[in-house]
Each structure stands twice: as structure tokens, then as C-alpha cells.
Amino acid sequence: MKALVLSLLCATAATTVQAADPQVPYPQGYREWHHVKSMVIEEGHPLFGAFGGIHHLYANDKAMKGYRGESFPEGSVIIFDLLEAVRDGNAVTEGARKVVGVMHKDSKKFKATGGWGFEGFGGGDPAKRVVATNAASACFACHQPQKAQDYTFSRLRD
Ligand code: HEC
């Protein structure tokens with residue numbers, strides 16, 4: 001009996017380890033967070049292919065502490081909300097949502113990528129994970145040189 005319990009415990013532990021592939025949660029309610037800044041990336045810009053359009057950055061309360069200091073506390077979440085840029089006469093307006101990019105600070109879970117989990121939700125759909133296990137090459141590789149700013153590029157403005 002003792003042996004059985006022990007082997008069951010071991011099996012459970014093994015399953016837990018396997019299932020520990022860390023996932024970035026969908027950032028529910030981020031549109032009510034703090035707006036950090038916005039930017040339009042037009043055709044001809046080197047990042048147009050991946051990030052062309054209008055993006056707005058949002059930060060939760062914890063991430064705001066990071067923007068005001070040097071490093072971001074655990075639980076910081078920053079959003080890169082990317083929308084189509086629609087030219088309409090002499091105006092540029094927001095079109096359909098392309099992707100909701102997320103950086104989620106959890107130093108233990110996302111140790112391999114600077115303590116940040118990176119994910120993208122296609123069209124803003126919580127079920128469409130476009131990064132999944134490719135965070136290191138698809139996202140972190142480009143953010144890595146920003147180590148001095150805890151792997152972020154943007155700065156808060158007045
Ligand atoms: C080729 C470089 C590059 C790649 C690849 C890249 N990013 Fe970024 N990312 C940037 C730049 C530059 C900014 C700053 C944008 C601004 O100031 O508006 C940024 C900003 C962000 C921000 C806001 C916080 C910050 O760093 O300022 C988030 C969130 C983000 N990216 C998520 C992602 C995710 C998720 C991926 C992978 C799908 C990704 N990024 C891939 C260059 C990149």
C-alpha cells in the first residue's frame with residue numbers, strides 16, 4: 001500500500017512538472033488600465049511586417065511602478081494593443097484589432113526570457129495564442145538588448 005501511494009505521488013509530481021509549461025494569462029480588462037503611449041508604424045518601417053498599424057500600450061498598477069522606477073515588480077503586465085491603421089481622407093483611424101501583445105512579469109515562471117512571459121492573442125481572441133513556446137525567438141530576442149530598462153523599450157510621458 002505504501003509503495004502504491006508513493007508511486008502515485010511520484011506520477012502526480014511527474015505530471016505536474018510536464019504540465020508546467022508556463023502560459024501567459026489573457027489580460028482581462030486591460031482597456032481600463034493606464035495608457036502609456038501610442039505609436040503608428042507605417043509602410044517602409046523595418047517593423048511594418050510584424051507591427052504595422054496603430055498600437056497603444058497599457059500598463060497595470062504594478063507595471064506603472066516599474067515605469068516610474070528602474071525595474072518592474074512581480075505581477076507587472078504591459079499590453080501592446082495593435083490595430084489596423086485605416087487612412088480615411090486626411091485622417092488615420094483605428095481599424096480591426098490585429099493582435100494583443102502581452103508582457104507578464106513572473107521571474108520564476110519565465111526565467112528563460114528575462115522574467116517576462118511574452119504572448120500574443122490573435123485578433124484579441126483569448127483562445128488564439130500566436131507565440132506559445134516561441135517567446136525566446138519571436139519576442140525576447142529583440143527585447144533582450146533593453147536589459148537596463150528591464151527588457152522594455154517604452155518610457156512613460158506626461
Ligand atoms: C524586432 C523587435 C521586436 C520584437 C520581435 C518584439 N518587440 Fe515588443 N517592442 C518592440 C519595440 C521597439 C517596442 C516599443 C514600442 C513603443 O515604444 O511604442 C516594443 C514594445 C513592446 C511592449 C510594451 C513594453 C515595452 O517594451 O515598451 C510589449 C508588451 C511588447 N513589445 C510585446 C512583445 C511581444 C509579445 C512580442 C512577440 C510577439 C514582441 N514584443 C516582439 C520591439 C519588438
# chains A, B, ... in the order shown; residues from 1 in each chain; ligands from 1
$ closest_atom_pairs --of "chain A" --to "ligand 1" --cutoff "7 Å" --atoms "only C-alpha atoms and all ligand atoms" --output "tab-separated table"
residue	atom	partner	partner_atom_place_in_ligand_line	distance
A:Lys37	CA	ligand 1	18 (O)	6.4
A:Ser38	CA	ligand 1	18 (O)	5.8
A:Met39	CA	ligand 1	18 (O)	5.3
A:Leu47	CA	ligand 1	1 (C)	6.2
A:His55	CA	ligand 1	18 (O)	6.8
A:Leu57	CA	ligand 1	23 (C)	5.9
A:Ile78	CA	ligand 1	29 (C)	4.7
A:Ile79	CA	ligand 1	29 (C)	4.4
A:Phe80	CA	ligand 1	29 (C)	4.6
A:Gly101	CA	ligand 1	35 (C)	4.2
A:Val102	CA	ligand 1	29 (C)	4.4
A:Met103	CA	ligand 1	29 (C)	4.4
A:Phe118	CA	ligand 1	35 (C)	4.4
A:Glu119	CA	ligand 1	35 (C)	4.5
A:Gly120	CA	ligand 1	35 (C)	5.1
A:Val131	CA	ligand 1	38 (C)	5.8
A:Ala135	CA	ligand 1	37 (C)	6.3
A:Ala138	CA	ligand 1	37 (C)	5.0
A:Cys139	CA	ligand 1	37 (C)	3.5
A:Phe140	CA	ligand 1	41 (C)	6.5
A:Ala141	CA	ligand 1	5 (C)	6.7
A:Cys142	CA	ligand 1	2 (C)	4.3
A:His143	CA	ligand 1	43 (C)	5.9
A:Tyr151	CA	ligand 1	26 (O)	6.3
A:Thr152	CA	ligand 1	26 (O)	3.2
A:Phe153	CA	ligand 1	27 (O)	3.8
A:Ser154	CA	ligand 1	27 (O)	3.5
A:Arg155	CA	ligand 1	27 (O)	6.9
$ write_last_selection --atoms "C-alpha atoms" --output "CSV table (one decimal), in the first residue's frame"
chain,number,residue,atom,x,y,z
A,37,LYS,CA,1.7,55.8,-25.1
A,38,SER,CA,0.7,55.2,-28.7
A,39,MET,CA,2.5,54.9,-32.0
A,47,LEU,CA,8.9,46.6,-38.1
A,55,HIS,CA,-0.6,50.5,-31.3
A,57,LEU,CA,0.5,50.5,-24.7
A,78,ILE,CA,2.1,45.5,-20.1
A,79,ILE,CA,0.0,45.4,-23.2
A,80,PHE,CA,0.8,46.2,-26.8
A,101,GLY,CA,0.7,41.5,-27.3
A,102,VAL,CA,1.5,40.9,-23.6
A,103,MET,CA,4.5,41.0,-21.3
A,118,PHE,CA,5.6,37.0,-23.8
A,119,GLU,CA,2.4,36.2,-25.6
A,120,GLY,CA,0.2,37.5,-28.5
A,131,VAL,CA,3.5,33.0,-29.7
A,135,ALA,CA,8.7,33.6,-27.0
A,138,ALA,CA,9.7,35.7,-31.6
A,139,CYS,CA,9.8,38.3,-28.8
A,140,PHE,CA,12.6,38.2,-26.3
A,141,ALA,CA,15.4,38.2,-28.8
A,142,CYS,CA,14.5,41.7,-29.8
A,143,HIS,CA,13.7,42.9,-26.2
A,151,TYR,CA,13.7,44.5,-21.2
A,152,THR,CA,11.2,47.2,-22.1
A,153,PHE,CA,11.5,49.9,-24.7
A,154,SER,CA,8.8,52.4,-23.9
A,155,ARG,CA,9.0,55.2,-21.5
$ residues_around --residues "A:Ala148" --least-positions-apart "5" --cutoff "12 Å" --atoms "only C-alpha atoms" --output "PyMOL selection string"
chain A and resi 69-72+114+143+153
$ write_last_selection --atoms "all heavy atoms" --output "short mmCIF file (atom, residue, chain, number, x, y, z; two decimals), in the first residue's frame"
data_model
loop_
_atom_site.label_atom_id
_atom_site.label_comp_id
_atom_site.auth_asym_id
_atom_site.auth_seq_id
_atom_site.Cartn_x
_atom_site.Cartn_y
_atom_site.Cartn_z
N GLY A 69 10.09 53.62 -11.96
CA GLY A 69 11.35 53.28 -11.30
C GLY A 69 12.31 52.65 -12.28
O GLY A 69 12.38 53.06 -13.43
N GLU A 70 13.03 51.66 -11.81
CA GLU A 70 14.02 51.04 -12.68
C GLU A 70 13.66 49.63 -13.11
O GLU A 70 14.03 49.19 -14.18
CB GLU A 70 15.39 51.00 -11.98
CG GLU A 70 16.15 52.28 -12.18
CD GLU A 70 16.88 52.70 -10.93
OE1 GLU A 70 17.33 51.82 -10.20
OE2 GLU A 70 16.97 53.92 -10.69
N SER A 71 12.98 48.91 -12.20
CA SER A 71 12.61 47.56 -12.60
C SER A 71 11.15 47.32 -12.24
O SER A 71 10.58 48.01 -11.40
CB SER A 71 13.52 46.53 -11.93
OG SER A 71 13.27 46.52 -10.56
N PHE A 72 10.58 46.34 -12.90
CA PHE A 72 9.15 46.09 -12.77
C PHE A 72 8.88 45.01 -11.71
O PHE A 72 9.49 43.94 -11.76
CB PHE A 72 8.60 45.65 -14.13
CG PHE A 72 8.53 46.76 -15.14
CD1 PHE A 72 9.68 47.17 -15.81
CD2 PHE A 72 7.34 47.42 -15.40
CE1 PHE A 72 9.63 48.22 -16.74
CE2 PHE A 72 7.28 48.46 -16.32
CZ PHE A 72 8.43 48.86 -16.99
N GLY A 114 14.09 36.51 -19.36
CA GLY A 114 14.28 37.73 -18.58
C GLY A 114 13.25 37.96 -17.49
O GLY A 114 13.12 39.08 -16.98
N HIS A 143 13.79 42.15 -27.47
CA HIS A 143 13.70 42.93 -26.23
C HIS A 143 14.96 42.80 -25.36
O HIS A 143 15.21 43.64 -24.51
CB HIS A 143 12.47 42.49 -25.42
CG HIS A 143 11.19 43.12 -25.88
ND1 HIS A 143 10.54 44.08 -25.16
CD2 HIS A 143 10.47 42.94 -27.02
CE1 HIS A 143 9.45 44.46 -25.82
NE2 HIS A 143 9.37 43.78 -26.94
N PHE A 153 11.09 48.77 -23.88
CA PHE A 153 11.54 49.88 -24.74
C PHE A 153 10.89 51.20 -24.32
O PHE A 153 11.53 52.24 -24.32
CB PHE A 153 11.12 49.62 -26.20
CG PHE A 153 11.96 48.60 -26.91
CD1 PHE A 153 11.58 47.26 -26.95
CD2 PHE A 153 13.13 48.97 -27.56
CE1 PHE A 153 12.34 46.32 -27.63
CE2 PHE A 153 13.90 48.04 -28.25
CZ PHE A 153 13.50 46.71 -28.28
#
$ residues_around --residues "A:Ser76" --least-positions-apart "3" --cutoff "6 Å" --atoms "only C-alpha atoms" --output "list in words"
Lys62, Ala63, Pro73, His104 and Lys105 of chain A
$ closest_atom_pairs --of "stretch 45-79 of chain A" --to "stretch 24-36 of chain A" --cutoff "6 Å" --atoms "only C-alpha atoms" --output "Markdown table"
| residue | atom | partner | partner_atom | distance |
| --- | --- | --- | --- | --- |
| A:Leu57 | CA | A:Val36 | CA | 5.3 |
| A:Tyr58 | CA | A:His35 | CA | 4.6 |
| A:Ala59 | CA | A:His34 | CA | 5.2 |
| A:Asn60 | CA | A:Trp33 | CA | 5.4 |
$ atom_distance --atom1 "atom CA of A:Lys65" --atom2 "atom CA of A:Val77"
11.0 Å
$ atom_distance --atom1 "atom CA of A:Gln144" --atom2 "atom CA of A:Thr113"
8.2 Å
$ residues_around --residues "stretch 122-128 of chain A" --least-positions-apart "4" --cutoff "6 Å" --atoms "only C-alpha atoms" --output "list in words"
Tyr26, Arg97, Lys98, Val99 and Val100 of chain A
$ write_last_selection --atoms "N, CA and C atoms" --output "compact mmCIF listing (two decimals), in the first residue's frame"
# COMPACT_ATOMS: atom_id res chain seq x y z
N TYR A 26 -4.55 35.62 -20.38
CA TYR A 26 -5.15 36.71 -21.17
C TYR A 26 -5.42 37.88 -20.23
N ARG A 97 -8.69 44.96 -34.77
CA ARG A 97 -7.57 44.59 -33.88
C ARG A 97 -6.74 43.50 -34.54
N LYS A 98 -5.42 43.68 -34.61
CA LYS A 98 -4.56 42.67 -35.20
C LYS A 98 -4.07 41.67 -34.15
N VAL A 99 -3.57 42.22 -33.06
CA VAL A 99 -3.04 41.33 -32.01
C VAL A 99 -2.98 42.07 -30.68
N VAL A 100 -3.15 41.35 -29.60
CA VAL A 100 -2.92 41.90 -28.27
C VAL A 100 -1.63 41.26 -27.75
$ select_by_dssp --residues "chain A" --states "alpha helix (DSSP H)" --output "NGL selection string"
:A and (2-18 or 48-51 or 61-68 or 135 or 141-143)
$ write_last_selection --atoms "C-alpha atoms" --output "PDB file, in the first residue's frame"
ATOM      1  CA  LYS A   2       2.747   2.383   0.988  1.00  0.00           C
ATOM      2  CA  ALA A   3       4.541   1.644  -2.276  1.00  0.00           C
ATOM      3  CA  LEU A   4       1.370   2.283  -4.265  1.00  0.00           C
ATOM      4  CA  VAL A   5       0.765   5.646  -2.612  1.00  0.00           C
ATOM      5  CA  LEU A   6       4.370   6.574  -3.181  1.00  0.00           C
ATOM      6  CA  SER A   7       4.260   5.663  -6.869  1.00  0.00           C
ATOM      7  CA  LEU A   8       1.007   7.593  -7.280  1.00  0.00           C
ATOM      8  CA  LEU A   9       2.632  10.620  -5.676  1.00  0.00           C
ATOM      9  CA  CYS A  10       5.598  10.299  -7.982  1.00  0.00           C
ATOM     10  CA  ALA A  11       3.348  10.008 -11.026  1.00  0.00           C
ATOM     11  CA  THR A  12       1.473  13.148  -9.958  1.00  0.00           C
ATOM     12  CA  ALA A  13       4.701  15.026  -9.419  1.00  0.00           C
ATOM     13  CA  ALA A  14       5.949  13.994 -12.862  1.00  0.00           C
ATOM     14  CA  THR A  15       2.697  15.163 -14.489  1.00  0.00           C
ATOM     15  CA  THR A  16       2.915  18.494 -12.690  1.00  0.00           C
ATOM     16  CA  VAL A  17       6.419  19.056 -13.956  1.00  0.00           C
ATOM     17  CA  GLN A  18       5.373  18.256 -17.516  1.00  0.00           C
ATOM     18  CA  PHE A  48       5.961  47.144 -40.546  1.00  0.00           C
ATOM     19  CA  GLY A  49       5.585  43.444 -41.389  1.00  0.00           C
ATOM     20  CA  ALA A  50       5.038  42.350 -37.808  1.00  0.00           C
ATOM     21  CA  PHE A  51       3.802  45.511 -36.115  1.00  0.00           C
ATOM     22  CA  ASP A  61      -0.819  49.349 -11.466  1.00  0.00           C
ATOM     23  CA  LYS A  62       2.260  47.243 -10.764  1.00  0.00           C
ATOM     24  CA  ALA A  63       3.778  47.947 -14.163  1.00  0.00           C
ATOM     25  CA  MET A  64       3.210  51.679 -13.559  1.00  0.00           C
ATOM     26  CA  LYS A  65       5.589  51.350 -10.595  1.00  0.00           C
ATOM     27  CA  GLY A  66       8.120  49.855 -12.993  1.00  0.00           C
ATOM     28  CA  TYR A  67       7.719  52.699 -15.479  1.00  0.00           C
ATOM     29  CA  ARG A  68       8.326  55.166 -12.653  1.00  0.00           C
ATOM     30  CA  ALA A 135       8.703  33.575 -26.964  1.00  0.00           C
ATOM     31  CA  ALA A 141      15.439  38.195 -28.823  1.00  0.00           C
ATOM     32  CA  CYS A 142      14.523  41.743 -29.779  1.00  0.00           C
ATOM     33  CA  HIS A 143      13.701  42.930 -26.232  1.00  0.00           C
TER      34      HIS A 143
END
$ atom_distance --atom1 "atom CA of A:Ile41" --atom2 "atom CA of A:Ile54"
6.5 Å
$ select_by_dssp --residues "stretch 31-154 of chain A" --states "strand (DSSP E)" --output "ChimeraX atom specification"
/A:34-41,53-59,77-88,91-105,116-122
$ residues_around --residues "stretch 109-111 of chain A" --least-positions-apart "5" --cutoff "7 Å" --atoms "only C-alpha atoms" --output "ChimeraX atom specification"
/A:22,116-117
$ residues_around --residues "A:Val40" --least-positions-apart "5" --cutoff "12 Å" --atoms "only C-alpha atoms" --output "ChimeraX atom specification"
/A:45,47-48,51-57,81-87,92-94
